[in-house]
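Quick notes on the structure that follows.
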Amino acid sequence: MLGIIGGSGLTQLSNLNIERREVMRTPYGEPSGVLLFGSLCSTRVVFLARHGYGHTIPPHRVNYRANLWALKQAGAKEIVSVASVGGIRQDLGPGTLVVPDQIIDYTWGRRNTFFDATDQPVVQVDFTDPYDAALRARILASAWAAGEAIEDGGVYAATQGPRLETAAEIERLARDGADMVGMTGMPEAVLARELGLPYAALSVVSNWAAGRADSSHAIRFADIEETLVGAMARVRRILEHICA
Ligand code: HPA
C-alpha cells in the first residue's frame with residue numbers, strides 16, 4: 001500500500017475512491033487527521049492531509065511523528081510526500097514540479113526522531129540519500145506517463161516557518177546549494193527513514209522564493225493559491241499513473 005501525504009493545495013485526492021476512513025491514535029499523539037483508504041488505478045492508497053483537512057495546522061506544529069507512525073501502522077509500505085515549495089534555482093519558477101534528491105535541514109525545535117529514549121542503545125540512521133531512489137524513479141515515470149513535465153533532482157531546504165524567508169536568507173540558502181525551500185520536508189523524511197519506509201517527495205513550486213522574482217515585490221498569498229490549484233490538478237494526474 002502506498003501512503004500519500006498531501007500538503008497545501010492537496011488536502012483531498014478527488015480521484016481517490018475512498019472506501020474507508022480511520023481515526024488513528026499513536027504513542028506520539030494524534031496525526032493531522034483521519035486516514036483515507038482507497039485506490040488509485042490498481043494501487044491501494046492511504047492518504048493523509050499534512051495540515052489537517054481544514055488546512056489549520058501550521059508547518060512547525062504538524063505532528064510528524066504521529067503522521068508517519070499512523071501511516072506505517074495502517075499498512076503503508078512507502079510514502080510519497082506532496083508539498084509546495086518556493087523556487088530558488090532559476091529554472092524552478094511557479095508551477096514547476098520537481099522531485100528533489102537532497103535536503104538541508106534548517107528547522108529547529110521539532111520532534112525529529114523516534115529514537116528519543118535514554119535507556120536504549122543509540123540509533124543513528126544513515127541519511128546520505130534522504131529520498132528513496134526507486135520511489136523517485138516511479139514518480140518521474142508516472143509524470144512522463146501522464147505527459148506532465150517534471151524536474152529530476154534538486155536540493156530542498158527545510159525552513160522553520162511559519163513566516164516566509166527574507167531575501168538575504170534565500171541568498172544564503174542559494175549559497176548553501178539549495179534549489180527550493182519549504183517548511184515540511186523535515187523531519188518528515190528522516191522519520192520515514194527511521195521507520196524503514198521508502199520516502200520520496202513531489203514538490204510543487206508555488207512561488208518564487210523571497211527576492212527571486214524579476215520584479216521585487218512581496219509574495220502574495222493569492223498568487224500562491226492560484227498557482228497551486230493548477231499545479232495540484234497535474235499532481236493528481238501524476239498520482240493516477242503511479243500504479244504503473
Ligand atoms: N518558503 C518556504 N516555504 C514555502 C515557500 C517559500 O517561499 N513556498 C511554499 N512553501
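Here, A, B, ... name the chains of the C-alpha cells in the order displayed, residue numbers run from 1 inside each chain, and ligands are numbered from 1 in the same displayed order.
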
Sorted by chain and rising residue number, list the residues of chain A at most 7 Å from ligand 1 (counting only C-alpha atoms and all ligand atoms), each with its closest atom pair and distance in Å to one decimal, as JSON lines.
```
{"residue": "A:Ser84", "atom": "CA", "partner": "ligand 1", "partner_atom_place_in_ligand_line": "9 (C)", "distance": 4.7}
{"residue": "A:Val85", "atom": "CA", "partner": "ligand 1", "partner_atom_place_in_ligand_line": "9 (C)", "distance": 3.6}
{"residue": "A:Gly86", "atom": "CA", "partner": "ligand 1", "partner_atom_place_in_ligand_line": "7 (O)", "distance": 3.6}
{"residue": "A:Gly87", "atom": "CA", "partner": "ligand 1", "partner_atom_place_in_ligand_line": "7 (O)", "distance": 6.9}
{"residue": "A:Thr159", "atom": "CA", "partner": "ligand 1", "partner_atom_place_in_ligand_line": "2 (C)", "distance": 6.4}
{"residue": "A:Gly161", "atom": "CA", "partner": "ligand 1", "partner_atom_place_in_ligand_line": "2 (C)", "distance": 6.9}
{"residue": "A:Leu164", "atom": "CA", "partner": "ligand 1", "partner_atom_place_in_ligand_line": "1 (N)", "distance": 5.0}
{"residue": "A:Glu165", "atom": "CA", "partner": "ligand 1", "partner_atom_place_in_ligand_line": "1 (N)", "distance": 6.0}
{"residue": "A:Val181", "atom": "CA", "partner": "ligand 1", "partner_atom_place_in_ligand_line": "2 (C)", "distance": 4.9}
{"residue": "A:Gly182", "atom": "CA", "partner": "ligand 1", "partner_atom_place_in_ligand_line": "3 (N)", "distance": 3.4}
{"residue": "A:Met183", "atom": "CA", "partner": "ligand 1", "partner_atom_place_in_ligand_line": "3 (N)", "distance": 4.9}
{"residue": "A:Val205", "atom": "CA", "partner": "ligand 1", "partner_atom_place_in_ligand_line": "9 (C)", "distance": 6.8}
{"residue": "A:Ser206", "atom": "CA", "partner": "ligand 1", "partner_atom_place_in_ligand_line": "8 (N)", "distance": 5.6}
{"residue": "A:Asn207", "atom": "CA", "partner": "ligand 1", "partner_atom_place_in_ligand_line": "8 (N)", "distance": 5.7}
{"residue": "A:Trp208", "atom": "CA", "partner": "ligand 1", "partner_atom_place_in_ligand_line": "7 (O)", "distance": 6.3}
{"residue": "A:Ala209", "atom": "CA", "partner": "ligand 1", "partner_atom_place_in_ligand_line": "7 (O)", "distance": 4.2}
{"residue": "A:Ala210", "atom": "CA", "partner": "ligand 1", "partner_atom_place_in_ligand_line": "7 (O)", "distance": 6.2}
```

Residues from the last selection, all heavy atoms, saved as a compact mmCIF listing (two decimals), in the first residue's frame:
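Writing done, so here's again-v5.txt:
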```
# COMPACT_ATOMS: atom_id res chain seq x y z
N SER A 84 4.27 22.01 -1.23
CA SER A 84 4.60 23.18 -2.03
C SER A 84 5.93 23.76 -1.55
O SER A 84 6.32 23.60 -0.39
CB SER A 84 3.50 24.23 -1.93
OG SER A 84 3.41 24.71 -0.61
N VAL A 85 6.63 24.39 -2.46
CA VAL A 85 7.93 25.00 -2.16
C VAL A 85 8.05 26.34 -2.86
O VAL A 85 7.30 26.63 -3.81
CB VAL A 85 9.11 24.09 -2.62
CG1 VAL A 85 9.15 22.79 -1.85
CG2 VAL A 85 9.05 23.85 -4.13
N GLY A 86 8.99 27.13 -2.40
CA GLY A 86 9.38 28.34 -3.12
C GLY A 86 10.56 28.00 -4.02
O GLY A 86 11.44 27.25 -3.63
N GLY A 87 10.59 28.56 -5.21
CA GLY A 87 11.66 28.26 -6.16
C GLY A 87 12.86 29.17 -5.95
O GLY A 87 12.70 30.40 -5.87
N THR A 159 12.93 24.98 6.00
CA THR A 159 13.00 26.09 6.96
C THR A 159 11.90 25.94 8.01
O THR A 159 10.94 25.20 7.84
CB THR A 159 12.86 27.45 6.25
OG1 THR A 159 11.66 27.44 5.48
CG2 THR A 159 14.05 27.72 5.35
N GLY A 161 9.73 28.30 9.38
CA GLY A 161 8.43 28.95 9.24
C GLY A 161 7.86 29.34 10.58
O GLY A 161 8.56 29.27 11.59
N LEU A 164 7.52 33.37 5.88
CA LEU A 164 8.38 33.17 4.72
C LEU A 164 9.75 33.77 5.03
O LEU A 164 9.94 34.46 6.03
CB LEU A 164 7.76 33.81 3.48
CG LEU A 164 6.45 33.12 3.06
CD1 LEU A 164 5.66 34.00 2.09
CD2 LEU A 164 6.72 31.76 2.44
N GLU A 165 10.73 33.52 4.16
CA GLU A 165 12.11 33.92 4.42
C GLU A 165 12.34 35.37 4.00
O GLU A 165 11.57 35.95 3.24
CB GLU A 165 13.07 33.01 3.63
CG GLU A 165 12.99 31.56 4.02
CD GLU A 165 11.71 30.86 3.56
OE1 GLU A 165 11.18 31.24 2.49
OE2 GLU A 165 11.23 29.96 4.27
N VAL A 181 12.78 25.84 -1.44
CA VAL A 181 12.63 25.99 0.01
C VAL A 181 11.19 25.67 0.42
O VAL A 181 10.24 26.10 -0.22
CB VAL A 181 13.05 27.41 0.48
CG1 VAL A 181 12.26 28.49 -0.27
CG2 VAL A 181 12.88 27.58 1.98
N GLY A 182 11.08 24.87 1.48
CA GLY A 182 9.76 24.52 2.01
C GLY A 182 9.86 24.37 3.52
O GLY A 182 10.95 24.48 4.09
N MET A 183 8.74 24.13 4.17
CA MET A 183 8.74 24.11 5.63
C MET A 183 8.39 22.75 6.24
O MET A 183 8.37 22.61 7.46
CB MET A 183 7.74 25.15 6.17
CG MET A 183 8.07 26.57 5.74
SD MET A 183 6.78 27.71 6.27
CE MET A 183 7.29 29.20 5.37
N VAL A 205 6.28 23.94 -7.02
CA VAL A 205 6.74 25.31 -6.81
C VAL A 205 5.52 26.24 -6.87
O VAL A 205 4.88 26.36 -7.92
CB VAL A 205 7.79 25.73 -7.85
CG1 VAL A 205 8.27 27.15 -7.58
CG2 VAL A 205 8.96 24.76 -7.87
N SER A 206 5.22 26.87 -5.76
CA SER A 206 4.03 27.73 -5.71
C SER A 206 4.38 29.20 -5.88
O SER A 206 3.50 30.02 -6.12
CB SER A 206 3.30 27.52 -4.38
OG SER A 206 4.14 27.81 -3.29
N ASN A 207 5.64 29.54 -5.74
CA ASN A 207 6.05 30.96 -5.80
C ASN A 207 7.56 31.02 -5.97
O ASN A 207 8.27 30.07 -5.66
CB ASN A 207 5.65 31.68 -4.50
CG ASN A 207 6.25 31.00 -3.27
OD1 ASN A 207 5.74 29.97 -2.81
ND2 ASN A 207 7.34 31.54 -2.77
N TRP A 208 8.04 32.15 -6.45
CA TRP A 208 9.47 32.41 -6.36
C TRP A 208 9.80 32.67 -4.90
O TRP A 208 9.07 33.39 -4.22
CB TRP A 208 9.87 33.63 -7.19
CG TRP A 208 9.93 33.39 -8.66
CD1 TRP A 208 9.11 33.93 -9.61
CD2 TRP A 208 10.88 32.57 -9.36
NE1 TRP A 208 9.47 33.48 -10.85
CE2 TRP A 208 10.56 32.65 -10.73
CE3 TRP A 208 11.95 31.77 -8.98
CZ2 TRP A 208 11.28 31.96 -11.71
CZ3 TRP A 208 12.67 31.09 -9.94
CH2 TRP A 208 12.34 31.18 -11.28
N ALA A 209 10.89 32.09 -4.42
CA ALA A 209 11.33 32.37 -3.05
C ALA A 209 11.63 33.87 -2.93
O ALA A 209 11.84 34.56 -3.94
CB ALA A 209 12.56 31.54 -2.72
N ALA A 210 11.68 34.35 -1.70
CA ALA A 210 11.81 35.79 -1.44
C ALA A 210 13.00 36.39 -2.21
O ALA A 210 14.11 35.87 -2.17
CB ALA A 210 12.00 36.02 0.06
```

Surrounding residues of Tyr64 in chain A excluding itself and chain neighbours under 6 positions, 10 Å, only C-alpha atoms, as a PyMOL selection string: chain A and resi 28-32+50+70+110-113+184+186-189+191-192

Got time to write the residues from that selection, C-alpha atoms, as a compact mmCIF listing (two decimals), in the first residue's frame?
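Full text of result25.txt as output:
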```
# COMPACT_ATOMS: atom_id res chain seq x y z
CA TYR A 28 3.15 10.13 19.79
CA GLY A 29 -0.27 11.73 19.86
CA GLU A 30 -2.73 12.39 17.12
CA PRO A 31 -1.94 12.56 13.43
CA SER A 32 -3.08 15.57 11.41
CA ARG A 50 -0.47 17.05 6.48
CA ALA A 70 -0.04 6.15 11.77
CA ARG A 110 10.71 19.91 16.18
CA ARG A 111 10.38 16.36 17.45
CA ASN A 112 12.64 14.86 14.85
CA THR A 113 13.35 11.28 15.95
CA THR A 184 7.64 20.49 5.94
CA MET A 186 11.97 17.79 7.67
CA PRO A 187 11.63 15.95 9.95
CA GLU A 188 9.15 14.06 7.76
CA ALA A 189 11.83 12.50 5.55
CA LEU A 191 11.17 9.92 10.41
CA ALA A 192 10.16 7.81 7.40
```

Range 38-244 of chain A: residues DSSP assigns to strand (DSSP E), reported as a PyMOL selection string: chain A and resi 38-40+43-49+78-87+97-99+102-105+151-152+155-158+180-182+199-208

Resulting file, chosen residues, C-alpha atoms, as a PDB file, in the first residue's frame:
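Full text of selection_11.pdb as output:
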```pdb
ATOM      1  CA  GLY A  38      -8.860   3.844  -1.295  1.00  0.00           C
ATOM      2  CA  SER A  39      -7.201   3.062  -4.555  1.00  0.00           C
ATOM      3  CA  LEU A  40      -5.674   4.869  -7.494  1.00  0.00           C
ATOM      4  CA  THR A  43      -2.696   0.629  -6.195  1.00  0.00           C
ATOM      5  CA  ARG A  44      -4.030   0.569  -2.656  1.00  0.00           C
ATOM      6  CA  VAL A  45      -3.551   4.014  -1.180  1.00  0.00           C
ATOM      7  CA  VAL A  46      -3.762   5.581   2.264  1.00  0.00           C
ATOM      8  CA  PHE A  47      -3.966   9.356   2.254  1.00  0.00           C
ATOM      9  CA  LEU A  48      -3.326  11.912   4.978  1.00  0.00           C
ATOM     10  CA  ALA A  49      -3.606  15.707   4.788  1.00  0.00           C
ATOM     11  CA  GLU A  78       6.215   3.567   1.092  1.00  0.00           C
ATOM     12  CA  ILE A  79       5.419   7.266   1.257  1.00  0.00           C
ATOM     13  CA  VAL A  80       5.009   9.877  -1.435  1.00  0.00           C
ATOM     14  CA  SER A  81       5.004  13.339   0.072  1.00  0.00           C
ATOM     15  CA  VAL A  82       3.444  16.208  -1.836  1.00  0.00           C
ATOM     16  CA  ALA A  83       4.404  19.675  -0.662  1.00  0.00           C
ATOM     17  CA  SER A  84       4.601  23.183  -2.028  1.00  0.00           C
ATOM     18  CA  VAL A  85       7.930  24.995  -2.155  1.00  0.00           C
ATOM     19  CA  GLY A  86       9.375  28.341  -3.119  1.00  0.00           C
ATOM     20  CA  GLY A  87      11.662  28.258  -6.159  1.00  0.00           C
ATOM     21  CA  LEU A  97       7.002  20.187 -10.439  1.00  0.00           C
ATOM     22  CA  VAL A  98      10.230  18.758  -9.080  1.00  0.00           C
ATOM     23  CA  VAL A  99      11.407  15.568  -7.407  1.00  0.00           C
ATOM     24  CA  GLN A 102      18.749  16.090  -1.384  1.00  0.00           C
ATOM     25  CA  ILE A 103      17.742  18.014   1.729  1.00  0.00           C
ATOM     26  CA  ILE A 104      19.320  20.571   4.012  1.00  0.00           C
ATOM     27  CA  ASP A 105      17.567  20.891   7.363  1.00  0.00           C
ATOM     28  CA  GLU A 151      12.332  18.228 -12.912  1.00  0.00           C
ATOM     29  CA  ASP A 152      14.565  15.390 -11.790  1.00  0.00           C
ATOM     30  CA  VAL A 155      18.238  20.355  -3.105  1.00  0.00           C
ATOM     31  CA  TYR A 156      15.331  21.041  -0.766  1.00  0.00           C
ATOM     32  CA  ALA A 157      15.959  23.486   2.087  1.00  0.00           C
ATOM     33  CA  ALA A 158      13.627  22.877   5.018  1.00  0.00           C
ATOM     34  CA  MET A 180      13.946  25.149  -3.434  1.00  0.00           C
ATOM     35  CA  VAL A 181      12.628  25.988   0.011  1.00  0.00           C
ATOM     36  CA  GLY A 182       9.760  24.519   2.010  1.00  0.00           C
ATOM     37  CA  TYR A 199      10.083   8.030   1.062  1.00  0.00           C
ATOM     38  CA  ALA A 200      10.171  10.461  -1.860  1.00  0.00           C
ATOM     39  CA  ALA A 201       8.803  13.941  -2.411  1.00  0.00           C
ATOM     40  CA  LEU A 202       6.907  15.578  -5.214  1.00  0.00           C
ATOM     41  CA  SER A 203       7.478  19.288  -4.749  1.00  0.00           C
ATOM     42  CA  VAL A 204       5.241  21.863  -6.314  1.00  0.00           C
ATOM     43  CA  VAL A 205       6.738  25.311  -6.811  1.00  0.00           C
ATOM     44  CA  SER A 206       4.028  27.728  -5.707  1.00  0.00           C
ATOM     45  CA  ASN A 207       6.049  30.959  -5.803  1.00  0.00           C
ATOM     46  CA  TRP A 208       9.473  32.411  -6.362  1.00  0.00           C
TER      47      TRP A 208
END
```

Could you list, with a cut-off of 9 Å and counting only C-alpha atoms, the residues of range 54-132 of chain A near range 212-219 of chain A, each shown with its nearest atom pair and the distance in Å rounded to one decimal, rows sorted by chain and ascending number, as a tab-separated table?
```
residue	atom	partner	partner_atom	distance
A:Gly87	CA	A:Arg212	CA	7.8
A:Ile88	CA	A:Arg212	CA	6.6
A:Arg89	CA	A:Arg212	CA	8.7
A:Gln90	CA	A:Arg212	CA	8.3
A:Gly93	CA	A:Ala213	CA	8.7
```

Sel. of helix (DSSP H, G or I) residues, range 128-181 of chain A, as a PyMOL selection string: chain A and resi 133-146+167-176

Take the residues from that selection and write them out as a PDB file, in the first residue's frame, keeping N, CA and C atoms.
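Writing done, so here's result00.pdb:
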```
ATOM      1  N   ALA A 133      15.586   6.067  -4.007  1.00  0.00           N
ATOM      2  CA  ALA A 133      15.858   6.192  -5.442  1.00  0.00           C
ATOM      3  C   ALA A 133      14.765   5.535  -6.290  1.00  0.00           C
ATOM      4  N   ALA A 134      14.335   4.353  -5.894  1.00  0.00           N
ATOM      5  CA  ALA A 134      13.333   3.636  -6.692  1.00  0.00           C
ATOM      6  C   ALA A 134      11.993   4.375  -6.692  1.00  0.00           C
ATOM      7  N   LEU A 135      11.630   4.921  -5.550  1.00  0.00           N
ATOM      8  CA  LEU A 135      10.353   5.636  -5.472  1.00  0.00           C
ATOM      9  C   LEU A 135      10.428   6.957  -6.246  1.00  0.00           C
ATOM     10  N   ARG A 136      11.585   7.616  -6.192  1.00  0.00           N
ATOM     11  CA  ARG A 136      11.790   8.829  -7.002  1.00  0.00           C
ATOM     12  C   ARG A 136      11.591   8.490  -8.476  1.00  0.00           C
ATOM     13  N   ALA A 137      12.192   7.383  -8.902  1.00  0.00           N
ATOM     14  CA  ALA A 137      12.103   6.982 -10.307  1.00  0.00           C
ATOM     15  C   ALA A 137      10.652   6.697 -10.699  1.00  0.00           C
ATOM     16  N   ARG A 138       9.902   6.137  -9.759  1.00  0.00           N
ATOM     17  CA  ARG A 138       8.495   5.838 -10.072  1.00  0.00           C
ATOM     18  C   ARG A 138       7.677   7.107 -10.231  1.00  0.00           C
ATOM     19  N   ILE A 139       7.962   8.110  -9.402  1.00  0.00           N
ATOM     20  CA  ILE A 139       7.239   9.384  -9.542  1.00  0.00           C
ATOM     21  C   ILE A 139       7.569  10.010 -10.899  1.00  0.00           C
ATOM     22  N   LEU A 140       8.853   9.986 -11.251  1.00  0.00           N
ATOM     23  CA  LEU A 140       9.263  10.570 -12.532  1.00  0.00           C
ATOM     24  C   LEU A 140       8.610   9.822 -13.696  1.00  0.00           C
ATOM     25  N   ALA A 141       8.598   8.497 -13.605  1.00  0.00           N
ATOM     26  CA  ALA A 141       7.996   7.692 -14.676  1.00  0.00           C
ATOM     27  C   ALA A 141       6.494   7.964 -14.776  1.00  0.00           C
ATOM     28  N   SER A 142       5.856   8.152 -13.631  1.00  0.00           N
ATOM     29  CA  SER A 142       4.420   8.446 -13.633  1.00  0.00           C
ATOM     30  C   SER A 142       4.147   9.782 -14.309  1.00  0.00           C
ATOM     31  N   ALA A 143       5.024  10.748 -14.030  1.00  0.00           N
ATOM     32  CA  ALA A 143       4.847  12.064 -14.647  1.00  0.00           C
ATOM     33  C   ALA A 143       4.991  11.957 -16.163  1.00  0.00           C
ATOM     34  N   TRP A 144       5.991  11.218 -16.603  1.00  0.00           N
ATOM     35  CA  TRP A 144       6.171  11.055 -18.048  1.00  0.00           C
ATOM     36  C   TRP A 144       4.963  10.351 -18.647  1.00  0.00           C
ATOM     37  N   ALA A 145       4.475   9.312 -17.958  1.00  0.00           N
ATOM     38  CA  ALA A 145       3.305   8.577 -18.451  1.00  0.00           C
ATOM     39  C   ALA A 145       2.083   9.488 -18.514  1.00  0.00           C
ATOM     40  N   ALA A 146       2.011  10.424 -17.597  1.00  0.00           N
ATOM     41  CA  ALA A 146       0.868  11.348 -17.565  1.00  0.00           C
ATOM     42  C   ALA A 146       1.086  12.528 -18.505  1.00  0.00           C
ATOM     43  N   ALA A 167      14.888  38.020   1.884  1.00  0.00           N
ATOM     44  CA  ALA A 167      15.681  37.876   0.662  1.00  0.00           C
ATOM     45  C   ALA A 167      17.105  37.429   0.992  1.00  0.00           C
ATOM     46  N   ALA A 168      17.664  37.957   2.087  1.00  0.00           N
ATOM     47  CA  ALA A 168      19.026  37.572   2.475  1.00  0.00           C
ATOM     48  C   ALA A 168      19.096  36.108   2.890  1.00  0.00           C
ATOM     49  N   GLU A 169      18.056  35.644   3.557  1.00  0.00           N
ATOM     50  CA  GLU A 169      18.034  34.224   3.938  1.00  0.00           C
ATOM     51  C   GLU A 169      18.010  33.334   2.693  1.00  0.00           C
ATOM     52  N   ILE A 170      17.235  33.750   1.697  1.00  0.00           N
ATOM     53  CA  ILE A 170      17.190  32.953   0.458  1.00  0.00           C
ATOM     54  C   ILE A 170      18.551  32.983  -0.240  1.00  0.00           C
ATOM     55  N   GLU A 171      19.214  34.149  -0.219  1.00  0.00           N
ATOM     56  CA  GLU A 171      20.573  34.233  -0.775  1.00  0.00           C
ATOM     57  C   GLU A 171      21.495  33.241  -0.073  1.00  0.00           C
ATOM     58  N   ARG A 172      21.365  33.161   1.224  1.00  0.00           N
ATOM     59  CA  ARG A 172      22.212  32.223   1.968  1.00  0.00           C
ATOM     60  C   ARG A 172      21.889  30.784   1.576  1.00  0.00           C
ATOM     61  N   LEU A 173      20.591  30.476   1.468  1.00  0.00           N
ATOM     62  CA  LEU A 173      20.221  29.106   1.092  1.00  0.00           C
ATOM     63  C   LEU A 173      20.783  28.781  -0.291  1.00  0.00           C
ATOM     64  N   ALA A 174      20.738  29.775  -1.190  1.00  0.00           N
ATOM     65  CA  ALA A 174      21.281  29.555  -2.539  1.00  0.00           C
ATOM     66  C   ALA A 174      22.784  29.280  -2.460  1.00  0.00           C
ATOM     67  N   ARG A 175      23.484  30.048  -1.629  1.00  0.00           N
ATOM     68  CA  ARG A 175      24.932  29.812  -1.466  1.00  0.00           C
ATOM     69  C   ARG A 175      25.203  28.437  -0.874  1.00  0.00           C
ATOM     70  N   ASP A 176      24.300  27.997  -0.038  1.00  0.00           N
ATOM     71  CA  ASP A 176      24.439  26.649   0.547  1.00  0.00           C
ATOM     72  C   ASP A 176      24.190  25.553  -0.491  1.00  0.00           C
TER      73      ASP A 176
END
```
